[in-house]
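**Q** Let me begin by handing over the structure; questions about it come next.
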Amino acid sequence: METKTIARVNSVAIVAGNDPKKLVPIKPICDALGIDFPNQFRKIKEDEDLNSTVVLSTMVASDGKDREMACLPIEFVFGWLFTINPKNVKEDARESVRKYRMECYRALYSYFTEYAEFVEIRSQVIDRHMDEYQRLQRDFSQAKNNMEKSRDRLNEAKALTFEKYKEEKSQFKLDFLAE
């Protein structure tokens, strides 16, 4: 199976298979961090979520030979790495593991709070646009009424004949004189 480097841990290439599941061997990561592979493999097998994802797959090892290796699909590797206690890794890897874990904490926080922030901002934007839409709808309705009244007055003016004008003019005079 062909592999591809996806990351480096303490200068050790971490590879994933080119298959659709992107399987990542666990042992090279353990070696790079200086943690005991059998203990990590046991920990993964005991984990009720990870145990169903770990598989044995033939991959090209660092010595260039095909070896059967315990692998996790890449989507689970980062969560497994998050569970590794920096106190349990070799000294030169501790700071990297701590930084990785802090990045994971921030990513989780961001993931769960950004959605709530998005919902809040979206709601505010919708409310603002809804208010504007309703205002414009009222303005449009009022403008439509004004246009209808204006059209009616225009039509009355167009329909005005000279005879009607004279008749109304004399009524205006009478109304004026009556006051």
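Chain labels follow the order of the structure tokens: the first chain is A, the next B, and so on; residue numbering restarts at 1 in every chain, and ligands are counted from 1 in their shown order.
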Near Pro25 in chain A, within 7 Å and counting only C-alpha atoms, which residues show up once chain neighbours fewer than 6 positions away are dropped, as a list in words?
**A**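 Skipping anything fewer than 6 positions along the chain leaves Met69, Ala70, Cys71 and Leu72 of chain A.
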**Q** List the spatial neighbours of Leu33 in chain A as a list of chain:residue names - criterion: any atom at most 7 Å away, only C-alpha atoms, same-chain residues fewer than 3 positions off excluded.
**A**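 These residues fall inside the cut-off: A:Ile29, A:Cys30, A:Val89, A:Lys90, A:Ala93.
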**Q** Would you save the residues from that selection as a PDB file, in the first residue's frame, using all heavy atoms?
**A**
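The file below, again.pdb, is the result:
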ATOM      1  N   ILE A  29       4.266   6.917  15.683  1.00  0.00           N
ATOM      2  CA  ILE A  29       3.938   8.081  16.508  1.00  0.00           C
ATOM      3  C   ILE A  29       4.407   7.846  17.939  1.00  0.00           C
ATOM      4  O   ILE A  29       5.013   8.720  18.557  1.00  0.00           O
ATOM      5  CB  ILE A  29       2.427   8.395  16.455  1.00  0.00           C
ATOM      6  CG1 ILE A  29       2.006   8.756  15.026  1.00  0.00           C
ATOM      7  CG2 ILE A  29       2.071   9.525  17.426  1.00  0.00           C
ATOM      8  CD1 ILE A  29       0.514   8.930  14.824  1.00  0.00           C
ATOM      9  N   CYS A  30       4.125   6.641  18.449  1.00  0.00           N
ATOM     10  CA  CYS A  30       4.572   6.303  19.804  1.00  0.00           C
ATOM     11  C   CYS A  30       6.104   6.392  19.896  1.00  0.00           C
ATOM     12  O   CYS A  30       6.641   6.944  20.871  1.00  0.00           O
ATOM     13  CB  CYS A  30       4.108   4.894  20.193  1.00  0.00           C
ATOM     14  SG  CYS A  30       2.313   4.761  20.388  1.00  0.00           S
ATOM     15  N   VAL A  89       5.550  11.407  27.868  1.00  0.00           N
ATOM     16  CA  VAL A  89       6.347  11.373  26.641  1.00  0.00           C
ATOM     17  C   VAL A  89       7.794  11.736  26.978  1.00  0.00           C
ATOM     18  O   VAL A  89       8.090  12.274  28.042  1.00  0.00           O
ATOM     19  CB  VAL A  89       5.786  12.332  25.561  1.00  0.00           C
ATOM     20  CG1 VAL A  89       4.353  11.982  25.233  1.00  0.00           C
ATOM     21  CG2 VAL A  89       5.896  13.785  25.973  1.00  0.00           C
ATOM     22  N   LYS A  90       8.684  11.452  26.033  1.00  0.00           N
ATOM     23  CA  LYS A  90      10.087  11.772  26.297  1.00  0.00           C
ATOM     24  C   LYS A  90      10.255  13.288  26.394  1.00  0.00           C
ATOM     25  O   LYS A  90       9.479  14.061  25.832  1.00  0.00           O
ATOM     26  CB  LYS A  90      11.009  11.147  25.261  1.00  0.00           C
ATOM     27  CG  LYS A  90      10.811  11.577  23.832  1.00  0.00           C
ATOM     28  CD  LYS A  90      11.718  10.767  22.921  1.00  0.00           C
ATOM     29  CE  LYS A  90      11.487  11.123  21.462  1.00  0.00           C
ATOM     30  NZ  LYS A  90      12.315  10.317  20.586  1.00  0.00           N
ATOM     31  N   ALA A  93       9.860  15.840  23.618  1.00  0.00           N
ATOM     32  CA  ALA A  93       8.550  15.893  22.957  1.00  0.00           C
ATOM     33  C   ALA A  93       7.490  16.563  23.831  1.00  0.00           C
ATOM     34  O   ALA A  93       6.407  16.882  23.353  1.00  0.00           O
ATOM     35  CB  ALA A  93       8.086  14.490  22.589  1.00  0.00           C
TER      36      ALA A  93
END
**Q** For Ala61 in chain A, which of A:Asp47, A:Phe162, A:Lys169, A:Ile14 is the closest residue, counting only C-alpha atoms?
**A**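 Closest residue, counting only C-alpha atoms: A:Ile14.
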**Q** Rank A:Glu120, A:Glu91, A:Glu46, A:Glu156 by their smallest atom-to-atom distance to Gly34 in chain A, using only C-alpha atoms, and report the top residue only.
**A** A:Glu91
**Q** Using only C-alpha atoms, which protein or nucleic acid residues come within 9 Å of Ile84 in chain A? Drop anything in the same chain fewer than 5 positions from it, and give the result as a ChimeraX atom specification.
**A** /A:40,89,97,101
**Q** Please identify which residues in range 3-91 of chain A DSSP calls strand (DSSP E or B) from the backbone, and express them as a PyMOL selection string.
**A** chain A and resi 3-9+12-17+23-25+55-60+66-73
**Q** Take the residues just selected and output them with N, CA, C and O atoms as a tab-separated table (two decimals), in the first residue's frame.
**A**
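Saved to part-v7.tsv:
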chain	number	residue	atom	x	y	z
A	3	THR	N	1.95	5.09	0.78
A	3	THR	CA	1.70	5.97	1.92
A	3	THR	C	2.11	7.39	1.57
A	3	THR	O	2.80	7.64	0.60
A	4	LYS	N	1.65	8.32	2.42
A	4	LYS	CA	1.93	9.73	2.21
A	4	LYS	C	2.18	10.36	3.57
A	4	LYS	O	1.46	10.09	4.53
A	5	THR	N	3.22	11.19	3.66
A	5	THR	CA	3.52	11.87	4.93
A	5	THR	C	2.44	12.92	5.17
A	5	THR	O	2.17	13.76	4.32
A	6	ILE	N	1.83	12.85	6.36
A	6	ILE	CA	0.78	13.81	6.70
A	6	ILE	C	1.21	14.79	7.77
A	6	ILE	O	0.62	15.84	7.93
A	7	ALA	N	2.25	14.41	8.54
A	7	ALA	CA	2.73	15.29	9.61
A	7	ALA	C	4.10	14.79	10.06
A	7	ALA	O	4.55	13.71	9.66
A	8	ARG	N	4.73	15.60	10.89
A	8	ARG	CA	6.00	15.19	11.49
A	8	ARG	C	5.87	15.36	13.00
A	8	ARG	O	5.38	16.39	13.46
A	9	VAL	N	6.29	14.34	13.72
A	9	VAL	CA	6.30	14.40	15.18
A	9	VAL	C	7.74	14.17	15.60
A	9	VAL	O	8.29	13.09	15.36
A	12	VAL	N	10.00	12.81	12.99
A	12	VAL	CA	9.64	11.50	12.44
A	12	VAL	C	8.41	11.69	11.57
A	12	VAL	O	7.41	12.27	11.99
A	13	ALA	N	8.51	11.22	10.33
A	13	ALA	CA	7.38	11.35	9.40
A	13	ALA	C	6.24	10.45	9.84
A	13	ALA	O	6.43	9.27	10.12
A	14	ILE	N	5.07	11.02	9.91
A	14	ILE	CA	3.85	10.27	10.21
A	14	ILE	C	3.14	10.10	8.87
A	14	ILE	O	2.85	11.08	8.19
A	15	VAL	N	2.90	8.87	8.53
A	15	VAL	CA	2.34	8.58	7.21
A	15	VAL	C	0.93	8.03	7.32
A	15	VAL	O	0.55	7.48	8.34
A	16	ALA	N	0.19	8.22	6.25
A	16	ALA	CA	-1.15	7.64	6.14
A	16	ALA	C	-1.21	6.89	4.83
A	16	ALA	O	-0.54	7.25	3.86
A	17	GLY	N	-2.01	5.86	4.82
A	17	GLY	CA	-2.21	5.10	3.59
A	17	GLY	C	-2.99	5.94	2.59
A	17	GLY	O	-3.69	6.87	2.96
A	23	LEU	N	-5.52	5.45	6.64
A	23	LEU	CA	-5.06	4.79	7.86
A	23	LEU	C	-3.68	5.29	8.27
A	23	LEU	O	-2.79	5.44	7.44
A	24	VAL	N	-3.52	5.54	9.56
A	24	VAL	CA	-2.26	6.06	10.10
A	24	VAL	C	-1.72	5.03	11.11
A	24	VAL	O	-2.41	4.69	12.07
A	25	PRO	N	-0.49	4.55	10.91
A	25	PRO	CA	0.08	3.61	11.87
A	25	PRO	C	0.38	4.29	13.21
A	25	PRO	O	0.85	5.43	13.24
A	55	VAL	N	-7.40	-0.84	13.18
A	55	VAL	CA	-7.31	-1.98	12.26
A	55	VAL	C	-5.85	-2.35	12.05
A	55	VAL	O	-4.95	-1.53	12.26
A	56	LEU	N	-5.62	-3.59	11.66
A	56	LEU	CA	-4.28	-4.01	11.25
A	56	LEU	C	-4.20	-3.86	9.74
A	56	LEU	O	-5.09	-4.30	9.02
A	57	SER	N	-3.14	-3.21	9.29
A	57	SER	CA	-2.98	-2.97	7.86
A	57	SER	C	-1.51	-3.12	7.49
A	57	SER	O	-0.63	-2.76	8.26
A	58	THR	N	-1.27	-3.66	6.31
A	58	THR	CA	0.11	-3.79	5.83
A	58	THR	C	0.54	-2.46	5.24
A	58	THR	O	-0.12	-1.91	4.36
A	59	MET	N	1.65	-1.94	5.78
A	59	MET	CA	2.18	-0.65	5.33
A	59	MET	C	3.69	-0.75	5.21
A	59	MET	O	4.32	-1.62	5.80
A	60	VAL	N	4.25	0.18	4.49
A	60	VAL	CA	5.70	0.26	4.35
A	60	VAL	C	6.25	0.90	5.62
A	60	VAL	O	5.90	2.03	5.96
A	66	ASP	N	7.44	-4.07	4.00
A	66	ASP	CA	6.02	-4.15	4.33
A	66	ASP	C	5.86	-4.80	5.69
A	66	ASP	O	6.44	-5.85	5.97
A	67	ARG	N	5.10	-4.15	6.54
A	67	ARG	CA	4.85	-4.68	7.89
A	67	ARG	C	3.36	-4.51	8.21
A	67	ARG	O	2.73	-3.55	7.79
A	68	GLU	N	2.86	-5.42	8.99
A	68	GLU	CA	1.49	-5.29	9.46
A	68	GLU	C	1.52	-4.37	10.69
A	68	GLU	O	2.26	-4.61	11.63
A	69	MET	N	0.74	-3.29	10.62
A	69	MET	CA	0.75	-2.29	11.67
A	69	MET	C	-0.65	-1.98	12.16
A	69	MET	O	-1.61	-2.00	11.38
A	70	ALA	N	-0.73	-1.67	13.46
A	70	ALA	CA	-2.00	-1.20	14.03
A	70	ALA	C	-2.19	0.24	13.57
A	70	ALA	O	-1.29	1.07	13.71
A	71	CYS	N	-3.35	0.50	13.01
A	71	CYS	CA	-3.61	1.83	12.44
A	71	CYS	C	-4.96	2.37	12.90
A	71	CYS	O	-5.87	1.62	13.21
A	72	LEU	N	-5.03	3.68	12.89
A	72	LEU	CA	-6.30	4.38	13.12
A	72	LEU	C	-6.61	5.19	11.87
A	72	LEU	O	-5.69	5.73	11.24
A	73	PRO	N	-7.88	5.32	11.51
A	73	PRO	CA	-8.22	6.26	10.43
A	73	PRO	C	-7.81	7.66	10.89
A	73	PRO	O	-7.91	8.00	12.06
